[in-house]
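Here is the file model-v1.cif (mmCIF, C-alpha atoms).
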```
data_query
#
loop_
_atom_site.group_PDB
_atom_site.id
_atom_site.type_symbol
_atom_site.label_atom_id
_atom_site.label_comp_id
_atom_site.auth_asym_id
_atom_site.auth_seq_id
_atom_site.Cartn_x
_atom_site.Cartn_y
_atom_site.Cartn_z
ATOM 1 C CA MET A 248 9.742 22.036 21.138
ATOM 2 C CA ARG A 249 5.966 21.886 20.853
ATOM 3 C CA ARG A 250 3.751 22.596 17.884
ATOM 4 C CA GLU A 251 -0.017 22.380 17.790
ATOM 5 C CA CYS A 252 -2.166 22.362 14.702
ATOM 6 C CA LEU A 253 -5.829 21.855 13.975
ATOM 7 C CA LEU A 254 -6.938 18.940 11.828
ATOM 8 C CA GLY A 255 -10.679 18.952 11.340
ATOM 9 C CA THR A 256 -12.111 19.523 14.801
ATOM 10 C CA GLU A 257 -9.303 17.762 16.690
ATOM 11 C CA ARG A 258 -6.135 19.202 18.188
ATOM 12 C CA ILE A 259 -2.930 17.315 17.474
ATOM 13 C CA SER A 260 0.349 17.886 19.345
ATOM 14 C CA THR A 261 3.806 17.278 17.940
ATOM 15 C CA ILE A 262 6.432 16.921 20.662
ATOM 16 C CA HIS A 263 10.131 16.040 20.250
ATOM 17 C CA GLY A 264 9.895 15.359 16.533
ATOM 18 C CA PHE A 265 6.737 13.320 15.998
ATOM 19 C CA ASP A 266 3.040 13.386 16.697
ATOM 20 C CA HIS A 267 2.010 11.200 19.606
ATOM 21 C CA ARG A 268 -1.630 10.958 18.542
ATOM 22 C CA ASP A 269 -0.729 9.449 15.177
ATOM 23 C CA ARG A 270 1.779 7.116 16.796
ATOM 24 C CA ALA A 271 -0.919 5.937 19.202
ATOM 25 C CA GLY A 272 -3.333 5.526 16.290
ATOM 26 C CA ILE A 273 -1.060 3.252 14.279
ATOM 27 C CA THR A 274 -0.207 1.254 17.413
ATOM 28 C CA LEU A 275 -3.918 0.759 18.067
ATOM 29 C CA ALA A 276 -4.399 -0.363 14.457
ATOM 30 C CA ARG A 277 -1.825 -3.129 14.948
ATOM 31 C CA GLU A 278 -3.482 -4.146 18.216
ATOM 32 C CA LEU A 279 -6.882 -4.320 16.500
ATOM 33 C CA TRP A 280 -5.374 -6.693 13.934
ATOM 34 C CA LEU A 281 -3.924 -8.913 16.633
ATOM 35 C CA GLN A 282 -7.322 -8.966 18.354
ATOM 36 C CA GLY A 283 -8.885 -10.393 15.192
ATOM 37 C CA ARG A 284 -10.444 -7.165 13.890
ATOM 38 C CA PRO A 285 -8.716 -6.765 10.503
ATOM 39 C CA ALA A 286 -11.298 -4.456 8.916
ATOM 40 C CA ASP A 287 -11.052 -2.012 11.825
ATOM 41 C CA ALA A 288 -7.266 -2.269 11.756
ATOM 42 C CA LEU A 289 -7.012 -1.496 8.054
ATOM 43 C CA GLN A 290 -9.442 1.400 8.323
ATOM 44 C CA LEU A 291 -7.604 2.964 11.265
ATOM 45 C CA ALA A 292 -4.212 2.469 9.609
ATOM 46 C CA GLN A 293 -5.384 4.298 6.486
ATOM 47 C CA GLN A 294 -6.951 7.070 8.560
ATOM 48 C CA THR A 295 -3.752 7.524 10.562
ATOM 49 C CA VAL A 296 -1.569 7.674 7.428
ATOM 50 C CA THR A 297 -3.929 10.210 5.838
ATOM 51 C CA GLU A 298 -3.860 12.448 8.926
ATOM 52 C CA ALA A 299 -0.079 12.175 9.182
ATOM 53 C CA ALA A 300 0.282 13.188 5.524
ATOM 54 C CA GLN A 301 -1.907 16.254 6.102
ATOM 55 C CA MET A 302 0.439 17.399 8.862
ATOM 56 C CA GLU A 303 3.339 17.694 6.377
ATOM 57 C CA HIS A 304 5.695 16.328 9.017
ATOM 58 C CA PRO A 305 8.036 13.685 7.456
ATOM 59 C CA ILE A 306 9.008 11.868 10.664
ATOM 60 C CA THR A 307 5.408 11.503 11.822
ATOM 61 C CA LEU A 308 4.399 10.269 8.370
ATOM 62 C CA CYS A 309 7.288 7.781 8.242
ATOM 63 C CA ILE A 310 6.286 6.313 11.608
ATOM 64 C CA ALA A 311 2.676 5.939 10.454
ATOM 65 C CA LEU A 312 3.709 4.449 7.115
ATOM 66 C CA ILE A 313 6.143 1.822 8.365
ATOM 67 C CA TRP A 314 3.659 0.367 10.845
ATOM 68 C CA ALA A 315 0.858 0.576 8.278
ATOM 69 C CA VAL A 316 3.129 -1.457 5.990
ATOM 70 C CA SER A 317 3.253 -4.202 8.619
ATOM 71 C CA ILE A 318 -0.558 -4.410 8.620
ATOM 72 C CA SER A 319 -0.635 -4.571 4.809
ATOM 73 C CA LEU A 320 1.865 -7.446 4.931
ATOM 74 C CA TRP A 321 -0.186 -9.282 7.570
ATOM 75 C CA ASP A 322 -3.199 -8.829 5.289
ATOM 76 C CA GLY A 323 -1.295 -10.234 2.318
ATOM 77 C CA ASP A 324 -1.728 -6.976 0.390
ATOM 78 C CA LEU A 325 1.694 -6.866 -1.245
ATOM 79 C CA ASP A 326 0.799 -4.088 -3.684
ATOM 80 C CA GLY A 327 -0.526 -1.925 -0.836
ATOM 81 C CA ALA A 328 2.602 -2.620 1.211
ATOM 82 C CA GLU A 329 4.823 -1.699 -1.718
ATOM 83 C CA ALA A 330 2.974 1.569 -2.352
ATOM 84 C CA ARG A 331 3.362 2.565 1.278
ATOM 85 C CA ILE A 332 7.012 1.578 1.532
ATOM 86 C CA ASP A 333 7.786 3.560 -1.630
ATOM 87 C CA GLN A 334 6.146 6.582 -0.014
ATOM 88 C CA PHE A 335 8.125 5.878 3.167
ATOM 89 C CA ILE A 336 11.419 5.776 1.247
ATOM 90 C CA VAL A 337 10.667 9.071 -0.535
ATOM 91 C CA HIS A 338 10.090 10.868 2.764
ATOM 92 C CA ALA A 339 13.103 9.206 4.431
ATOM 93 C CA GLU A 340 15.317 10.327 1.554
ATOM 94 C CA SER A 341 13.994 13.883 1.817
ATOM 95 C CA ARG A 342 15.441 14.113 5.349
ATOM 96 C CA SER A 343 18.471 11.785 4.897
ATOM 97 C CA MET A 344 17.128 9.353 7.512
ATOM 98 C CA GLY A 345 19.755 6.612 7.161
ATOM 99 C CA PRO A 346 18.198 3.871 9.327
ATOM 100 C CA TYR A 347 14.774 4.492 7.787
ATOM 101 C CA LEU A 348 16.249 4.045 4.310
ATOM 102 C CA ALA A 349 17.720 0.719 5.412
ATOM 103 C CA VAL A 350 14.292 -0.281 6.773
ATOM 104 C CA GLY A 351 12.732 0.606 3.417
ATOM 105 C CA ARG A 352 15.211 -1.603 1.573
ATOM 106 C CA GLY A 353 14.561 -4.405 4.058
ATOM 107 C CA VAL A 354 10.829 -4.312 3.366
ATOM 108 C CA LYS A 355 11.597 -4.371 -0.356
ATOM 109 C CA GLY A 356 13.595 -7.532 0.328
ATOM 110 C CA GLU A 357 10.673 -9.118 2.164
ATOM 111 C CA LEU A 358 8.375 -8.268 -0.739
ATOM 112 C CA ALA A 359 10.850 -9.869 -3.153
ATOM 113 C CA ILE A 360 10.835 -13.094 -1.099
ATOM 114 C CA ARG A 361 7.043 -13.176 -0.986
ATOM 115 C CA ARG A 362 6.894 -12.695 -4.738
ATOM 116 C CA GLY A 363 9.276 -15.568 -5.418
ATOM 117 C CA ASP A 364 12.641 -13.815 -5.802
ATOM 118 C CA ALA A 365 14.148 -15.316 -2.666
ATOM 119 C CA ALA A 366 17.805 -14.891 -3.684
ATOM 120 C CA HIS A 367 17.489 -11.136 -4.167
ATOM 121 C CA GLY A 368 15.302 -10.772 -1.083
ATOM 122 C CA VAL A 369 17.719 -12.647 1.184
ATOM 123 C CA GLU A 370 20.695 -10.590 0.043
ATOM 124 C CA THR A 371 18.732 -7.354 0.466
ATOM 125 C CA ILE A 372 17.581 -8.191 4.003
ATOM 126 C CA ARG A 373 21.062 -9.287 5.059
ATOM 127 C CA ALA A 374 22.469 -5.953 3.905
ATOM 128 C CA CYS A 375 19.616 -4.141 5.653
ATOM 129 C CA LEU A 376 20.253 -5.929 8.950
ATOM 130 C CA ARG A 377 23.973 -5.130 8.778
ATOM 131 C CA GLU A 378 23.174 -1.429 8.346
ATOM 132 C CA LEU A 379 20.601 -1.426 11.135
ATOM 133 C CA HIS A 380 22.925 -3.254 13.546
ATOM 134 C CA GLU A 381 25.698 -0.747 12.832
ATOM 135 C CA ALA A 382 23.247 2.115 13.477
ATOM 136 C CA GLY A 383 21.989 0.519 16.703
ATOM 137 C CA TYR A 384 18.452 0.398 15.284
ATOM 138 C CA GLU A 385 16.942 -2.917 16.400
ATOM 139 C CA LEU A 386 13.215 -2.130 16.366
ATOM 140 C CA LEU A 387 12.495 -4.360 13.353
ATOM 141 C CA THR A 388 15.193 -7.007 13.809
ATOM 142 C CA THR A 389 12.725 -9.784 14.661
ATOM 143 C CA THR A 390 10.477 -8.925 11.723
ATOM 144 C CA PHE A 391 13.369 -9.020 9.282
ATOM 145 C CA ASN A 392 14.754 -12.222 10.823
ATOM 146 C CA ILE A 393 11.425 -13.944 10.134
ATOM 147 C CA ALA A 394 11.397 -12.712 6.535
ATOM 148 C CA LEU A 395 15.032 -13.752 6.072
ATOM 149 C CA ASP A 396 14.283 -17.204 7.449
ATOM 150 C CA GLN A 397 11.428 -17.592 4.968
ATOM 151 C CA GLY A 398 13.823 -16.686 2.178
ATOM 152 C CA LEU A 399 16.450 -19.172 3.327
ATOM 153 C CA LEU A 400 13.812 -21.901 3.413
ATOM 154 C CA ALA A 401 12.725 -21.018 -0.114
ATOM 155 C CA LEU A 402 16.349 -21.342 -1.251
ATOM 156 C CA GLY A 403 16.699 -24.726 0.441
ATOM 157 C CA GLN A 404 19.325 -23.431 2.893
ATOM 158 C CA PHE A 405 17.813 -25.411 5.747
ATOM 159 C CA GLU A 406 20.752 -25.478 8.158
ATOM 160 C CA GLN A 407 21.236 -21.708 7.952
ATOM 161 C CA SER A 408 17.492 -21.315 8.419
ATOM 162 C CA ALA A 409 17.557 -23.520 11.527
ATOM 163 C CA ARG A 410 20.383 -21.522 13.093
ATOM 164 C CA LEU A 411 18.666 -18.235 12.312
ATOM 165 C CA VAL A 412 15.310 -19.202 13.786
ATOM 166 C CA ASP A 413 16.997 -20.429 16.991
ATOM 167 C CA ASP A 414 18.915 -17.137 17.233
ATOM 168 C CA ALA A 415 15.693 -15.195 16.651
ATOM 169 C CA ILE A 416 13.876 -17.112 19.392
ATOM 170 C CA ARG A 417 16.706 -16.451 21.849
ATOM 171 C CA LEU A 418 16.645 -12.752 20.920
ATOM 172 C CA VAL A 419 12.906 -12.545 21.631
ATOM 173 C CA GLU A 420 13.337 -14.360 24.953
ATOM 174 C CA ARG A 421 16.058 -11.907 25.944
ATOM 175 C CA SER A 422 14.852 -8.618 24.497
ATOM 176 C CA GLY A 423 11.094 -8.759 23.929
ATOM 177 C CA ASP A 424 8.951 -8.790 20.751
ATOM 178 C CA HIS A 425 6.985 -11.652 22.291
ATOM 179 C CA LEU A 426 4.063 -11.135 19.932
ATOM 180 C CA TYR A 427 6.241 -12.788 17.263
ATOM 181 C CA MET A 428 6.984 -15.905 19.335
ATOM 182 C CA PRO A 429 4.076 -17.980 17.937
ATOM 183 C CA GLU A 430 5.238 -17.224 14.385
ATOM 184 C CA LEU A 431 8.843 -18.053 15.262
ATOM 185 C CA LEU A 432 7.775 -21.382 16.758
ATOM 186 C CA ARG A 433 5.720 -22.127 13.656
ATOM 187 C CA MET A 434 8.774 -21.298 11.552
ATOM 188 C CA LYS A 435 10.932 -23.580 13.702
ATOM 189 C CA GLY A 436 8.527 -26.445 13.126
ATOM 190 C CA LYS A 437 8.594 -25.758 9.390
ATOM 191 C CA VAL A 438 12.393 -25.643 9.387
ATOM 192 C CA LEU A 439 12.696 -28.927 11.272
ATOM 193 C CA LEU A 440 10.275 -30.609 8.885
ATOM 194 C CA SER A 441 12.489 -29.431 6.028
ATOM 195 C CA LEU A 442 15.767 -30.698 7.507
ATOM 196 C CA PRO A 443 17.063 -34.053 6.273
ATOM 197 C CA GLN A 444 15.910 -36.708 8.739
ATOM 198 C CA PRO A 445 18.571 -39.232 9.796
ATOM 199 C CA GLY A 446 16.798 -42.586 9.964
ATOM 200 C CA SER A 447 13.053 -42.537 10.184
ATOM 201 C CA CYS A 448 12.413 -41.064 13.614
ATOM 202 C CA ALA A 449 11.325 -37.537 14.342
ATOM 203 C CA PRO A 450 12.565 -35.786 17.456
ATOM 204 C CA ARG A 451 10.423 -36.463 20.497
ATOM 205 C CA SER A 452 9.760 -32.743 20.792
ATOM 206 C CA ILE A 453 10.512 -30.214 18.069
ATOM 207 C CA LEU A 454 9.222 -27.203 20.012
ATOM 208 C CA PRO A 455 10.039 -25.798 23.458
ATOM 209 C CA ASP A 456 8.068 -26.769 26.562
ATOM 210 C CA TYR A 457 6.553 -23.284 26.731
ATOM 211 C CA LEU A 458 4.717 -23.688 23.387
ATOM 212 C CA PRO A 459 1.239 -23.929 25.024
ATOM 213 C CA ASN A 460 1.721 -20.529 26.677
ATOM 214 C CA ALA A 461 3.089 -18.903 23.541
ATOM 215 C CA GLY A 462 0.288 -20.469 21.530
ATOM 216 C CA ASP A 463 -2.291 -18.640 23.618
ATOM 217 C CA ALA A 464 -1.518 -15.537 21.579
ATOM 218 C CA THR A 465 -3.005 -17.151 18.491
ATOM 219 C CA LYS A 466 -6.368 -17.450 20.249
ATOM 220 C CA ARG A 467 -6.673 -13.669 20.280
ATOM 221 C CA SER A 468 -7.336 -13.346 16.573
ATOM 222 C CA ASP A 469 -9.340 -14.774 13.720
ATOM 223 C CA ARG A 470 -8.332 -13.749 10.226
ATOM 224 C CA SER A 471 -5.202 -12.006 11.473
ATOM 225 C CA ASN A 472 -3.474 -15.271 12.455
ATOM 226 C CA ARG A 473 -5.363 -17.701 10.241
ATOM 227 C CA PRO A 474 -2.578 -18.245 7.660
ATOM 228 C CA SER A 475 -0.091 -19.142 10.410
ATOM 229 C CA ARG A 476 -2.197 -21.352 12.630
ATOM 230 C CA ALA A 477 -1.393 -24.732 11.159
ATOM 231 C CA LEU A 478 1.022 -26.553 8.941
ATOM 232 C CA PRO A 479 -0.347 -27.948 5.687
ATOM 233 C CA ARG A 480 -2.272 -31.185 6.125
ATOM 234 C CA ALA A 481 0.323 -33.245 4.320
ATOM 235 C CA ARG A 482 3.015 -32.082 6.713
ATOM 236 C CA LYS A 483 0.782 -32.783 9.689
ATOM 237 C CA ARG A 484 0.401 -36.338 8.414
ATOM 238 C CA ARG A 485 4.166 -36.641 8.065
ATOM 239 C CA ILE A 486 4.541 -35.805 11.749
ATOM 240 C CA SER A 487 1.835 -38.187 12.916
ATOM 241 C CA GLU A 488 3.039 -41.056 10.746
ATOM 242 C CA ARG A 489 6.631 -41.009 12.016
ATOM 243 C CA PRO A 490 7.445 -43.639 14.661
ATOM 244 C CA THR A 491 8.235 -42.478 18.173
ATOM 245 C CA CYS A 492 11.895 -42.643 19.238
ATOM 246 C CA PHE A 493 12.948 -43.688 22.740
#
```
If you convert what's in this file into structure tokens, what do you get?
Amino acid sequence: MRRECLLGTERISTIHGFDHRDRAGITLARELWLQGRPADALQLAQQTVTEAAQMEHPITLCIALIWAVSISLWDGDLDGAEARIDQFIVHAESRSMGPYLAVGRGVKGELAIRRGDAAHGVETIRACLRELHEAGYELLTTTFNIALDQGLLALGQFEQSARLVDDAIRLVERSGDHLYMPELLRMKGKVLLSLPQPGSCAPRSILPDYLPNAGDATKRSDRSNRPSRALPRARKRRISERPTCF
């Protein structure tokens, strides 16, 4: 089924349930962020959401909104992310889109963790992941695993956090989502620093041998990866001050 409509001076085609131009636009916005062009990314994300809303096509708008939410979260704009996810949930409910509703609740859980309510956020994301697994919807599994791991760390559940981050890394190695590997490795380092240390020696290597290759991804951006590039200075000192084990 094909529908064409005019928006301004441009022709937009909707094929098989969603508009490919808007989907390409929001994908490009994410790529601009990863390339270190946050202002361009935010502008394009807003433009894409606005155009999708003008089409009055709920699925197209939901696709634009959920990926625009990811850019708002990368930018640290929690209020903007919440406004968009609320809009996403309204449109998902209007068409009884079960997996999308679970995604909306999962993002709400991530927002709760970022705002300090880790217990509620962890429970919400766990329920979300169960629903998405049952529905066979795995598109955002890695994203929610990272958020869940952050919540477990905040709750002091370090062993569960360590198991989860290892599972998430194996999932990425097997199934893709490699753009999240640098963040997962950063999270693994943070988890291992948080684990009780038997004796006084740190492990000889807390990250996989392929870290230099995965780390190359962080060179592609400026502001977009700045919050995740390094551990706090105090924790860096803790690593450097530990004796080497043989």
Mind telling me what the PyMOL selection byres ((chain A and resi 369) around 9) catches here, as a PDB file with C-alpha atoms, in the frame of the given file?
```
ATOM      1  CA  GLY A 356      13.595  -7.532   0.328  1.00  0.00           C
ATOM      2  CA  GLU A 357      10.673  -9.118   2.164  1.00  0.00           C
ATOM      3  CA  ALA A 359      10.850  -9.869  -3.153  1.00  0.00           C
ATOM      4  CA  ILE A 360      10.835 -13.094  -1.099  1.00  0.00           C
ATOM      5  CA  ASP A 364      12.641 -13.815  -5.802  1.00  0.00           C
ATOM      6  CA  ALA A 365      14.148 -15.316  -2.666  1.00  0.00           C
ATOM      7  CA  ALA A 366      17.805 -14.891  -3.684  1.00  0.00           C
ATOM      8  CA  HIS A 367      17.489 -11.136  -4.167  1.00  0.00           C
ATOM      9  CA  GLY A 368      15.302 -10.772  -1.083  1.00  0.00           C
ATOM     10  CA  GLU A 370      20.695 -10.590   0.043  1.00  0.00           C
ATOM     11  CA  THR A 371      18.732  -7.354   0.466  1.00  0.00           C
ATOM     12  CA  ILE A 372      17.581  -8.191   4.003  1.00  0.00           C
ATOM     13  CA  ARG A 373      21.062  -9.287   5.059  1.00  0.00           C
ATOM     14  CA  ALA A 374      22.469  -5.953   3.905  1.00  0.00           C
ATOM     15  CA  ALA A 394      11.397 -12.712   6.535  1.00  0.00           C
ATOM     16  CA  LEU A 395      15.032 -13.752   6.072  1.00  0.00           C
ATOM     17  CA  ASP A 396      14.283 -17.204   7.449  1.00  0.00           C
ATOM     18  CA  GLN A 397      11.428 -17.592   4.968  1.00  0.00           C
ATOM     19  CA  GLY A 398      13.823 -16.686   2.178  1.00  0.00           C
ATOM     20  CA  LEU A 399      16.450 -19.172   3.327  1.00  0.00           C
TER      21      LEU A 399
END
```
Can you pull out the residues contacting A:Gly327? Cut-off 12 Å, using only C-alpha atoms, and skip same-chain residues under 4 positions away; I want them as an mmCIF file with C-alpha atoms, keeping the file's coordinate frame.
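Everything below was put into around-v5.cif:
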```
data_model
loop_
_atom_site.group_PDB
_atom_site.id
_atom_site.type_symbol
_atom_site.label_atom_id
_atom_site.label_comp_id
_atom_site.auth_asym_id
_atom_site.auth_seq_id
_atom_site.Cartn_x
_atom_site.Cartn_y
_atom_site.Cartn_z
ATOM 1 C CA LEU A 289 -7.012 -1.496 8.054
ATOM 2 C CA ALA A 292 -4.212 2.469 9.609
ATOM 3 C CA GLN A 293 -5.384 4.298 6.486
ATOM 4 C CA LEU A 312 3.709 4.449 7.115
ATOM 5 C CA ILE A 313 6.143 1.822 8.365
ATOM 6 C CA ALA A 315 0.858 0.576 8.278
ATOM 7 C CA VAL A 316 3.129 -1.457 5.990
ATOM 8 C CA SER A 317 3.253 -4.202 8.619
ATOM 9 C CA ILE A 318 -0.558 -4.410 8.620
ATOM 10 C CA SER A 319 -0.635 -4.571 4.809
ATOM 11 C CA LEU A 320 1.865 -7.446 4.931
ATOM 12 C CA TRP A 321 -0.186 -9.282 7.570
ATOM 13 C CA ASP A 322 -3.199 -8.829 5.289
ATOM 14 C CA GLY A 323 -1.295 -10.234 2.318
ATOM 15 C CA ARG A 331 3.362 2.565 1.278
ATOM 16 C CA ILE A 332 7.012 1.578 1.532
ATOM 17 C CA ASP A 333 7.786 3.560 -1.630
ATOM 18 C CA GLN A 334 6.146 6.582 -0.014
ATOM 19 C CA LEU A 358 8.375 -8.268 -0.739
#
```
Report as a PyMOL selection string the full result of the PyMOL selection byres ((chain A and resi 347) around 12) when it is applied to this structure. chain A and resi 305-306+308-310+312-313+332-346+348-354+375-376+378-379+382+384-387
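Straight-line separation from atom CA of A:Ala409 to atom CA of A:Leu439: 7.3 Å.
Using only C-alpha atoms, the smallest distance between any of A:Ala276, A:Asp269, A:Leu442, A:Met302 and A:Gln407 comes from A:Leu442.
Counting from atom CA of A:Ser408, the distance to atom CA of A:Trp280 is 27.7 Å.
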Of A:Asp266, A:Glu406, A:Glu420, A:Glu430, the one sitting nearest A:Ala300 when using only C-alpha atoms is A:Asp266
All residues 7 Å or closer to A:Ala311, only C-alpha atoms, same chain fewer than 3 positions away omitted, as number ranges by chain: A: 269-270, 273, 295-296, 299, 307-308, 314-315
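Using only C-alpha atoms, the residues found no farther than 12 Å from A:Ser422, other than those of its own chain fewer than 6 positions away, are Glu385, Leu386, Thr388, Thr389, Asp414, Ala415, Ile416 and Met428 of chain A.
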I'd like the neighbourhood of A:Ser441 as number ranges by chain, where a residue qualifies if any of its atoms comes within 9 Å (using all atoms listed in the file), though same-chain residues fewer than 6 positions away should be ignored. A: 400, 403, 405
Residues picked by the PyMOL selection byres ((chain A and resi 431) around 10) here, as a list in words? Thr389, Thr390, Asn392, Ile393, Asp396, Val412, Asp413, Ala415, Ile416, Val419, His425, Leu426, Tyr427, Met428, Pro429, Glu430, Leu432, Arg433, Met434, Lys435, Gly436 and Lys437 of chain A
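What separates atom CA of A:Glu298 from atom CA of A:Thr274 is a distance of 14.5 Å.
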Edge lengths and centre in Å to one decimal, as lines of an AutoDock Vina configuration file, of the axis-aligned box that encloses all listed atoms of stretch 373-389 of chain A with 3 Å added on every side?
```
center_x = 19.1
center_y = -3.8
center_z = 10.3
size_x = 19.2
size_y = 17.9
size_z = 18.8
```
